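Contents: one structure, followed by commentary.
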Amino acid sequence: MASSVQGVVSRGKGQPVEVTEVLVPDPGPGEALVRIQACGVCHTDLHYKMGGIGDDFPYLLGHEAAGVVEAVGDNVTDVAPGDFVILNWRAVCGQCRACKRGRPWYCFATHNATQKMTLADGTTLSPALGIGAFAEKTLVAAGQCTKVNPAIAPATAGLLGCGVMAGIGAAINTGGVGRGDTVAVIGCGGVGDGAVLGARLAGAKTIIAVDVDDRKLEWAREFGATHTINSRTADAVEGIRELTGGFGADVVVEAIGRPETYKQAFFARDLAGTVVLVGVPTPEMQLDLPLLEVFGRGGSLKSSWYGDCLPSRDFPMLVDLHLDGRLPLEKFVSETIGLGDVEAAFEKMEHGEVLRSVVVF
Ligand code: APR
Ligand code: ZN
Ligand code: ZN
């Protein structure tokens with residue numbers, strides 16, 4: 001028997017989203033039915049709505065989510081009904097070359113639930129990032145669920161499922177920020193502030209936040225930035241060099257996804273410094289860099305995919321650090337809203353008024 005729930009659906013490119021009835025099948029083998037408690041509104045949801053990711057409308061939006069497992073299908077051993085879980089984009093296979101070499105975030109054979117959620121008339125829905133959590137319940141592959149300590153507020157926990165994890169992981173997992181490092185973060189939205197938080201957690205000495213919006217810079221300070229540069233009025237590269245004794249930063253994280261800021265990140269690094277690209281570019285974008293600078297300055301240029309995270313390692317660890325008072329994840333939650341407020345939340349996001357609006361059930 002499918003469950004009938006309310007969900008936020010995007011029916012066509014650019015159309016306002018609507019709250020409508022969604023049918024969620026009972027879990028089959030390897031699947032879990034999750035009662036969603038909270039789901040953050042992320043840029044990727046807006047990209048889906050605007051047709052920037054694909055043309056598989058209608059989409060069931062929402063993917064930064066936490067909730068309680070309601071039922072599991074056959075062959076599910078890692079999670080059980082009653083478990084409080086954070087959802088991740090894809091279950092990994094554990095068998096492919098990437099998985100076996102310890103880089104499961106690049107798994108070649110990730111999967112989501114096999115059965116499809118539908119509209120009331122039977123139309124198949126495409127769940128955003130294989131999750132679809134702007135709904136009272138959703139169906140995922142059991143491997144998309146990571147059990148964490150249920151003492152954390154669901155609205156805070158869900159954010160680890162996407163942007164905040166991408167940022168924290170970009171600093172810690174990809175950038176390898178260490179004690180005493182100088183770090184610069186270019187672009188201080190949810191992802192960039194995650195990187196600021198990650199750098200602080202890793203013991204960075206100097207954390208320079210760069211943005212074009214003073215409000216964002218103020219928030220970055222709350223997450224642990226020691227210095228800020230408004231790159232609308234000052235030169236970001238010069239500013240970062242000045243604040244690091246003329247050297248440039250040990251680790252520079254780019255969290256926007258534009259050629260100009262990728263370039264700034266590249267020139268703002270110290271000799272042998274690490275540049276971490278976490279902002280997602282569009283297919284047309286090209287990067288043009290002087291080869292002699294690449295050669296002459298050493299260091300490394302890395303991209304970070306989902307913060308190169310291992311959900312089963314990183315989600316419980318970050319939740320426990322938060323519960324220990326060492327990771328103020330709750331500061332990302334600018335407002336909690338209802339399912340009917342997602343369209344308005346997209347507008348606030350576009351105007352830079354919020355870090356995260358979170359739908360709570
Ligand atoms: N220089 C400096 N800051 C900029 C610039 C610029 N040229 N352009 C935009 N910004 C700032 C914005 O003011 C904003 O604070 O970058 C920040 C981007 O944040 P969000 O739009 O909230 O995006 P976020 O959710 O953090 O994601 C950042 O990572 O995962 C990817 O697709 C995602 O590419 C996006 C990036
Ligand atoms: Zn794999
Ligand atoms: Zn997201």
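Chain identifiers are assigned as A, B, and so on, following the order in which chains appear in the structure tokens; residues are numbered from 1 within each chain, and ligands are numbered from 1 in order of appearance.
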Write out as a tab-separated table (two decimals) with C-alpha atoms, in the first residue's frame the residues lying within 8 Å of region 249-253 of chain A, counting only C-alpha atoms and excluding same-chain residues fewer than 5 positions away.
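Result file follows (part.tsv):
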chain	number	residue	atom	x	y	z
A	170	ALA	CA	36.08	20.96	1.24
A	171	ALA	CA	38.17	22.45	4.04
A	175	GLY	CA	41.91	20.82	1.54
A	177	VAL	CA	43.44	22.24	6.60
A	181	ASP	CA	47.09	27.17	8.69
A	182	THR	CA	45.99	30.32	6.92
A	183	VAL	CA	42.76	29.75	5.00
A	184	ALA	CA	40.77	31.94	2.62
A	185	VAL	CA	37.19	31.20	1.62
A	186	ILE	CA	35.83	32.95	-1.47
A	192	GLY	CA	31.51	28.80	2.04
A	195	ALA	CA	34.27	25.77	4.86
A	240	ILE	CA	44.49	37.85	1.14
A	241	ARG	CA	48.22	38.30	0.47
A	244	THR	CA	49.04	36.44	5.23
A	265	ALA	CA	41.60	31.42	-5.53
A	266	PHE	CA	44.52	30.31	-7.66
A	268	ALA	CA	45.67	33.93	-3.53
A	269	ARG	CA	47.39	30.70	-2.52
A	270	ASP	CA	50.79	30.50	-0.90
A	272	ALA	CA	52.77	25.09	-2.46
A	273	GLY	CA	49.32	26.05	-1.19
A	274	THR	CA	46.17	24.11	-1.98
A	275	VAL	CA	43.26	25.48	-3.99
A	276	VAL	CA	39.96	23.69	-3.45
A	277	LEU	CA	37.20	24.23	-5.99
A	278	VAL	CA	33.80	23.38	-4.54
Notebook entry, point to check: Near region 82-97 of chain A, counting only C-alpha atoms, which residues have an atom at most 10 Å away, once you skip same-chain residues fewer than 5 positions from it, shown as a PyMOL selection string?
Noted result: chain A and resi 34-39+63-71+102-113+128-133+140-152+154+157-162+306+310-312+315-316
File dump, residues just selected, C-alpha atoms, as a PDB file, in the first residue's frame:
ATOM      1  CA  VAL A  34      11.612   7.732   5.817  1.00  0.00           C
ATOM      2  CA  ARG A  35       9.268  10.109   7.668  1.00  0.00           C
ATOM      3  CA  ILE A  36      10.890  13.473   7.004  1.00  0.00           C
ATOM      4  CA  GLN A  37      11.212  15.841   9.966  1.00  0.00           C
ATOM      5  CA  ALA A  38      13.137  18.661   8.294  1.00  0.00           C
ATOM      6  CA  CYS A  39      14.515  19.559   4.861  1.00  0.00           C
ATOM      7  CA  HIS A  63      17.287  16.861  -0.516  1.00  0.00           C
ATOM      8  CA  GLU A  64      18.903  18.300   2.659  1.00  0.00           C
ATOM      9  CA  ALA A  65      16.936  16.184   5.030  1.00  0.00           C
ATOM     10  CA  ALA A  66      16.715  14.330   8.295  1.00  0.00           C
ATOM     11  CA  GLY A  67      13.959  12.084   9.564  1.00  0.00           C
ATOM     12  CA  VAL A  68      12.976   8.798  11.121  1.00  0.00           C
ATOM     13  CA  VAL A  69      12.975   5.473   9.309  1.00  0.00           C
ATOM     14  CA  GLU A  70       9.403   4.234   9.222  1.00  0.00           C
ATOM     15  CA  ALA A  71       9.835   0.914   7.414  1.00  0.00           C
ATOM     16  CA  GLY A 102      38.720   4.372  -0.691  1.00  0.00           C
ATOM     17  CA  ARG A 103      37.079   7.125  -2.726  1.00  0.00           C
ATOM     18  CA  PRO A 104      33.439   6.054  -2.634  1.00  0.00           C
ATOM     19  CA  TRP A 105      32.295   9.625  -3.302  1.00  0.00           C
ATOM     20  CA  TYR A 106      33.404   8.904  -6.886  1.00  0.00           C
ATOM     21  CA  CYS A 107      31.566   5.542  -6.976  1.00  0.00           C
ATOM     22  CA  PHE A 108      30.667   4.549 -10.567  1.00  0.00           C
ATOM     23  CA  ALA A 109      27.574   2.607  -9.558  1.00  0.00           C
ATOM     24  CA  THR A 110      25.627   4.675  -7.060  1.00  0.00           C
ATOM     25  CA  HIS A 111      21.946   4.006  -6.710  1.00  0.00           C
ATOM     26  CA  ASN A 112      18.722   5.380  -5.293  1.00  0.00           C
ATOM     27  CA  ALA A 113      15.397   3.642  -4.605  1.00  0.00           C
ATOM     28  CA  ALA A 128      15.796  15.800  -6.491  1.00  0.00           C
ATOM     29  CA  LEU A 129      19.256  14.254  -6.008  1.00  0.00           C
ATOM     30  CA  GLY A 130      17.562  10.891  -5.611  1.00  0.00           C
ATOM     31  CA  ILE A 131      15.868  12.028  -2.396  1.00  0.00           C
ATOM     32  CA  GLY A 132      12.723  14.196  -2.820  1.00  0.00           C
ATOM     33  CA  ALA A 133      12.314  15.278   0.804  1.00  0.00           C
ATOM     34  CA  VAL A 140      15.250   6.037  -0.691  1.00  0.00           C
ATOM     35  CA  ALA A 141      17.848   3.289  -0.991  1.00  0.00           C
ATOM     36  CA  ALA A 142      18.689   2.157   2.539  1.00  0.00           C
ATOM     37  CA  GLY A 143      22.333   3.089   1.839  1.00  0.00           C
ATOM     38  CA  GLN A 144      21.231   6.725   1.574  1.00  0.00           C
ATOM     39  CA  CYS A 145      20.367   6.708   5.289  1.00  0.00           C
ATOM     40  CA  THR A 146      23.001   7.357   7.956  1.00  0.00           C
ATOM     41  CA  LYS A 147      22.001   6.858  11.567  1.00  0.00           C
ATOM     42  CA  VAL A 148      23.039   9.708  13.876  1.00  0.00           C
ATOM     43  CA  ASN A 149      22.425  10.752  17.487  1.00  0.00           C
ATOM     44  CA  PRO A 150      18.730  11.829  17.653  1.00  0.00           C
ATOM     45  CA  ALA A 151      19.483  14.529  20.251  1.00  0.00           C
ATOM     46  CA  ILE A 152      20.312  17.003  17.442  1.00  0.00           C
ATOM     47  CA  PRO A 154      16.240  17.761  12.840  1.00  0.00           C
ATOM     48  CA  ALA A 157      20.879  17.743  11.180  1.00  0.00           C
ATOM     49  CA  GLY A 158      19.420  17.819   7.668  1.00  0.00           C
ATOM     50  CA  LEU A 159      21.849  20.518   6.563  1.00  0.00           C
ATOM     51  CA  LEU A 160      24.705  18.050   6.854  1.00  0.00           C
ATOM     52  CA  GLY A 161      23.132  16.143   3.979  1.00  0.00           C
ATOM     53  CA  CYS A 162      24.277  18.687   1.370  1.00  0.00           C
ATOM     54  CA  TYR A 306      30.158  16.593  -1.867  1.00  0.00           C
ATOM     55  CA  LEU A 310      32.002   9.478   3.798  1.00  0.00           C
ATOM     56  CA  PRO A 311      28.501   9.826   5.233  1.00  0.00           C
ATOM     57  CA  SER A 312      28.915   6.891   7.612  1.00  0.00           C
ATOM     58  CA  PHE A 315      27.677  12.604   9.595  1.00  0.00           C
ATOM     59  CA  PRO A 316      27.755  10.950  13.063  1.00  0.00           C
TER      60      PRO A 316
END
Requested in this report: Looking only at helix (DSSP H, G or I) from DSSP on the backbone, list the matching residues of region 66-106 of chain A as a PyMOL selection string.
Outcome: chain A and resi 97-100+104-106
*Residues of region 103-142 of chain A in strand (DSSP E) according to DSSP, as number ranges by chain?*
A: 118-119, 126-127, 137-141
Could you save the residues just selected, with all heavy atoms, as a compact mmCIF listing (two decimals), in the first residue's frame?
# COMPACT_ATOMS: atom_id res chain seq x y z
N THR A 118 5.09 8.72 -7.23
CA THR A 118 4.27 9.25 -8.33
C THR A 118 3.33 10.35 -7.82
O THR A 118 3.10 10.48 -6.62
CB THR A 118 3.37 8.16 -8.97
OG1 THR A 118 2.41 7.74 -8.00
CG2 THR A 118 4.18 6.97 -9.46
N LEU A 119 2.78 11.08 -8.80
CA LEU A 119 1.65 11.97 -8.50
C LEU A 119 0.40 11.10 -8.33
O LEU A 119 0.44 9.90 -8.67
CB LEU A 119 1.45 12.97 -9.64
CG LEU A 119 2.56 14.02 -9.82
CD1 LEU A 119 2.35 14.80 -11.11
CD2 LEU A 119 2.57 14.96 -8.61
N SER A 126 10.50 12.58 -10.50
CA SER A 126 11.96 12.48 -10.38
C SER A 126 12.34 13.14 -9.06
O SER A 126 12.16 14.35 -8.90
CB SER A 126 12.65 13.24 -11.51
OG SER A 126 12.16 12.83 -12.76
N PRO A 127 12.85 12.37 -8.11
CA PRO A 127 13.21 12.98 -6.83
C PRO A 127 14.54 13.74 -6.93
O PRO A 127 15.50 13.23 -7.49
CB PRO A 127 13.34 11.79 -5.87
CG PRO A 127 13.43 10.57 -6.71
CD PRO A 127 13.04 10.91 -8.12
N LYS A 137 6.85 12.04 3.65
CA LYS A 137 7.61 10.78 3.63
C LYS A 137 8.31 10.68 2.29
O LYS A 137 7.82 11.21 1.29
CB LYS A 137 6.67 9.57 3.76
CG LYS A 137 6.00 9.47 5.10
CD LYS A 137 5.07 8.27 5.14
CE LYS A 137 4.22 8.34 6.41
NZ LYS A 137 3.31 7.21 6.54
N THR A 138 9.43 9.97 2.26
CA THR A 138 10.06 9.71 0.98
C THR A 138 10.64 8.30 0.97
O THR A 138 10.80 7.67 2.03
CB THR A 138 11.13 10.77 0.63
OG1 THR A 138 11.49 10.64 -0.75
CG2 THR A 138 12.40 10.60 1.47
N LEU A 139 10.92 7.81 -0.24
CA LEU A 139 11.47 6.47 -0.41
C LEU A 139 12.89 6.59 -0.95
O LEU A 139 13.10 7.23 -1.98
CB LEU A 139 10.61 5.67 -1.40
CG LEU A 139 11.02 4.21 -1.58
CD1 LEU A 139 10.61 3.38 -0.36
CD2 LEU A 139 10.37 3.63 -2.84
N VAL A 140 13.85 5.97 -0.26
CA VAL A 140 15.25 6.04 -0.69
C VAL A 140 15.87 4.65 -0.62
O VAL A 140 15.28 3.72 -0.04
CB VAL A 140 16.08 7.00 0.21
CG1 VAL A 140 15.66 8.45 0.01
CG2 VAL A 140 15.99 6.61 1.68
N ALA A 141 17.07 4.51 -1.21
CA ALA A 141 17.85 3.29 -0.99
C ALA A 141 18.32 3.32 0.46
O ALA A 141 18.68 4.39 0.97
CB ALA A 141 19.04 3.26 -1.94
- Message: Which residues are near Val8 (chain A)? Cut-off 10 Å, only C-alpha atoms, ignore same chain within fewer than 6 positions. Put them as an MDAnalysis selection string.
- Response: chainID A and resid 17:22 59:62 132:136 339:343
Could the residues in this selection be written to a file with C-alpha atoms, as an mmCIF file, in the first residue's frame?
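Output saved as result.cif:
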data_model
loop_
_atom_site.group_PDB
_atom_site.id
_atom_site.type_symbol
_atom_site.label_atom_id
_atom_site.label_comp_id
_atom_site.auth_asym_id
_atom_site.auth_seq_id
_atom_site.Cartn_x
_atom_site.Cartn_y
_atom_site.Cartn_z
ATOM 1 C CA VAL A 17 6.344 24.989 -7.377
ATOM 2 C CA GLU A 18 3.168 23.548 -5.922
ATOM 3 C CA VAL A 19 2.226 21.466 -2.907
ATOM 4 C CA THR A 20 0.333 18.434 -4.098
ATOM 5 C CA GLU A 21 -0.470 14.799 -3.320
ATOM 6 C CA VAL A 22 2.411 12.343 -3.756
ATOM 7 C CA TYR A 59 10.477 16.834 -9.902
ATOM 8 C CA LEU A 60 9.806 16.161 -6.242
ATOM 9 C CA LEU A 61 12.153 18.733 -4.703
ATOM 10 C CA GLY A 62 14.126 18.737 -1.445
ATOM 11 C CA GLY A 132 12.723 14.196 -2.820
ATOM 12 C CA ALA A 133 12.314 15.278 0.804
ATOM 13 C CA PHE A 134 9.976 18.270 0.616
ATOM 14 C CA ALA A 135 7.377 15.647 1.467
ATOM 15 C CA GLU A 136 6.073 14.103 4.664
ATOM 16 C CA LEU A 339 5.820 23.136 2.773
ATOM 17 C CA GLY A 340 3.780 25.978 1.278
ATOM 18 C CA ASP A 341 6.596 28.492 1.777
ATOM 19 C CA VAL A 342 9.254 26.943 -0.492
ATOM 20 C CA GLU A 343 8.600 29.303 -3.407
#
Taken to one decimal, the CA of Arg356 (chain A)-CA of Val5 (chain A) distance is 24.0 Å
Residue nearest Glu350 (chain A) - candidates A:Gly296, A:Cys42, A:Ala80, A:Cys188, atoms counted: only C-alpha atoms |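 Smallest separation from Glu350 (chain A) among the options: A:Cys42.
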Counting only C-alpha atoms and all ligand atoms, closest pick from A:Ile337, A:Ala98, A:Leu292, A:Val280 relative to ligand 2 is A:Ala98
Which is closest to ligand 2 among A:Gly190, A:Gly73, A:Pro27, A:Arg101, if we use only C-alpha atoms and all ligand atoms?
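Smallest distance to ligand 2 is found for A:Arg101.
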Using only C-alpha atoms and all ligand atoms, the best pick from A:Ala345, A:Val333, A:Ala234, A:Cys99 as closest to ligand 2 would be A:Cys99
*asked:* Show me which residues line ligand 1, defined as having an atom within 7 Å of a ligand atom where only C-alpha atoms and all ligand atoms count, and present them as a ChimeraX atom specification.
replied: /A:42-44,163,166,186-192,210-213,216,231,255-257,260-261,278-281,349,352,355
Computed gap from CA of Lys205 (chain A) to CA of Gly299 (chain A) is 19.7 Å
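Relative to CA of Gly198 (chain A), CA of Glu330 (chain A) is found at 14.4 Å.
Minimum atom-to-atom distances from A:Ala199, A:Ala225, A:Leu125, A:Met117 to Leu23 (chain A) were compared using only C-alpha atoms, and the lowest value belongs to A:Met117.
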Quick one: of A:Met165, A:Val294, A:Ala155, A:Met1, who's nearest to ligand 3, counting only C-alpha atoms and all ligand atoms?
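Between A:Met165, A:Val294, A:Ala155, A:Met1, the residue approaching ligand 3 most closely is A:Met165.
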All residues 8 Å or closer to Val196 (chain A), only C-alpha atoms, same chain fewer than 5 positions away omitted, as a PDB file with N, CA, C and O atoms, in the first residue's frame:
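Final file, part.pdb:
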ATOM      1  N   GLY A 167      30.865  22.124   2.300  1.00  0.00           N
ATOM      2  CA  GLY A 167      31.810  23.153   2.723  1.00  0.00           C
ATOM      3  C   GLY A 167      32.779  22.652   3.780  1.00  0.00           C
ATOM      4  O   GLY A 167      34.001  22.830   3.659  1.00  0.00           O
ATOM      5  N   ILE A 168      32.253  22.015   4.818  1.00  0.00           N
ATOM      6  CA  ILE A 168      33.124  21.502   5.880  1.00  0.00           C
ATOM      7  C   ILE A 168      34.124  20.510   5.263  1.00  0.00           C
ATOM      8  O   ILE A 168      35.321  20.554   5.541  1.00  0.00           O
ATOM      9  N   ALA A 171      37.056  21.969   3.225  1.00  0.00           N
ATOM     10  CA  ALA A 171      38.166  22.453   4.041  1.00  0.00           C
ATOM     11  C   ALA A 171      38.941  21.288   4.658  1.00  0.00           C
ATOM     12  O   ALA A 171      40.169  21.240   4.583  1.00  0.00           O
ATOM     13  N   VAL A 185      38.400  31.778   2.190  1.00  0.00           N
ATOM     14  CA  VAL A 185      37.186  31.198   1.617  1.00  0.00           C
ATOM     15  C   VAL A 185      36.536  32.263   0.750  1.00  0.00           C
ATOM     16  O   VAL A 185      36.186  33.348   1.239  1.00  0.00           O
ATOM     17  N   ILE A 207      41.489  32.888   9.213  1.00  0.00           N
ATOM     18  CA  ILE A 207      40.449  32.479   8.258  1.00  0.00           C
ATOM     19  C   ILE A 207      39.888  33.745   7.624  1.00  0.00           C
ATOM     20  O   ILE A 207      39.251  34.566   8.308  1.00  0.00           O
ATOM     21  N   ALA A 209      37.438  35.538   5.055  1.00  0.00           N
ATOM     22  CA  ALA A 209      36.206  35.340   4.286  1.00  0.00           C
ATOM     23  C   ALA A 209      36.110  36.434   3.226  1.00  0.00           C
ATOM     24  O   ALA A 209      36.341  37.613   3.520  1.00  0.00           O
ATOM     25  N   ALA A 220      29.824  35.227   8.206  1.00  0.00           N
ATOM     26  CA  ALA A 220      31.057  34.426   8.154  1.00  0.00           C
ATOM     27  C   ALA A 220      31.869  34.626   9.436  1.00  0.00           C
ATOM     28  O   ALA A 220      32.468  33.689   9.959  1.00  0.00           O
ATOM     29  N   PHE A 223      30.758  32.435  12.120  1.00  0.00           N
ATOM     30  CA  PHE A 223      31.190  31.033  11.974  1.00  0.00           C
ATOM     31  C   PHE A 223      32.685  30.868  12.261  1.00  0.00           C
ATOM     32  O   PHE A 223      33.184  29.758  12.283  1.00  0.00           O
ATOM     33  N   GLY A 224      33.396  31.978  12.419  1.00  0.00           N
ATOM     34  CA  GLY A 224      34.806  31.842  12.803  1.00  0.00           C
ATOM     35  C   GLY A 224      35.798  32.550  11.904  1.00  0.00           C
ATOM     36  O   GLY A 224      37.008  32.392  12.095  1.00  0.00           O
ATOM     37  N   ALA A 225      35.321  33.325  10.900  1.00  0.00           N
ATOM     38  CA  ALA A 225      36.270  34.070  10.071  1.00  0.00           C
ATOM     39  C   ALA A 225      36.978  35.108  10.947  1.00  0.00           C
ATOM     40  O   ALA A 225      36.336  35.797  11.744  1.00  0.00           O
TER      41      ALA A 225
END
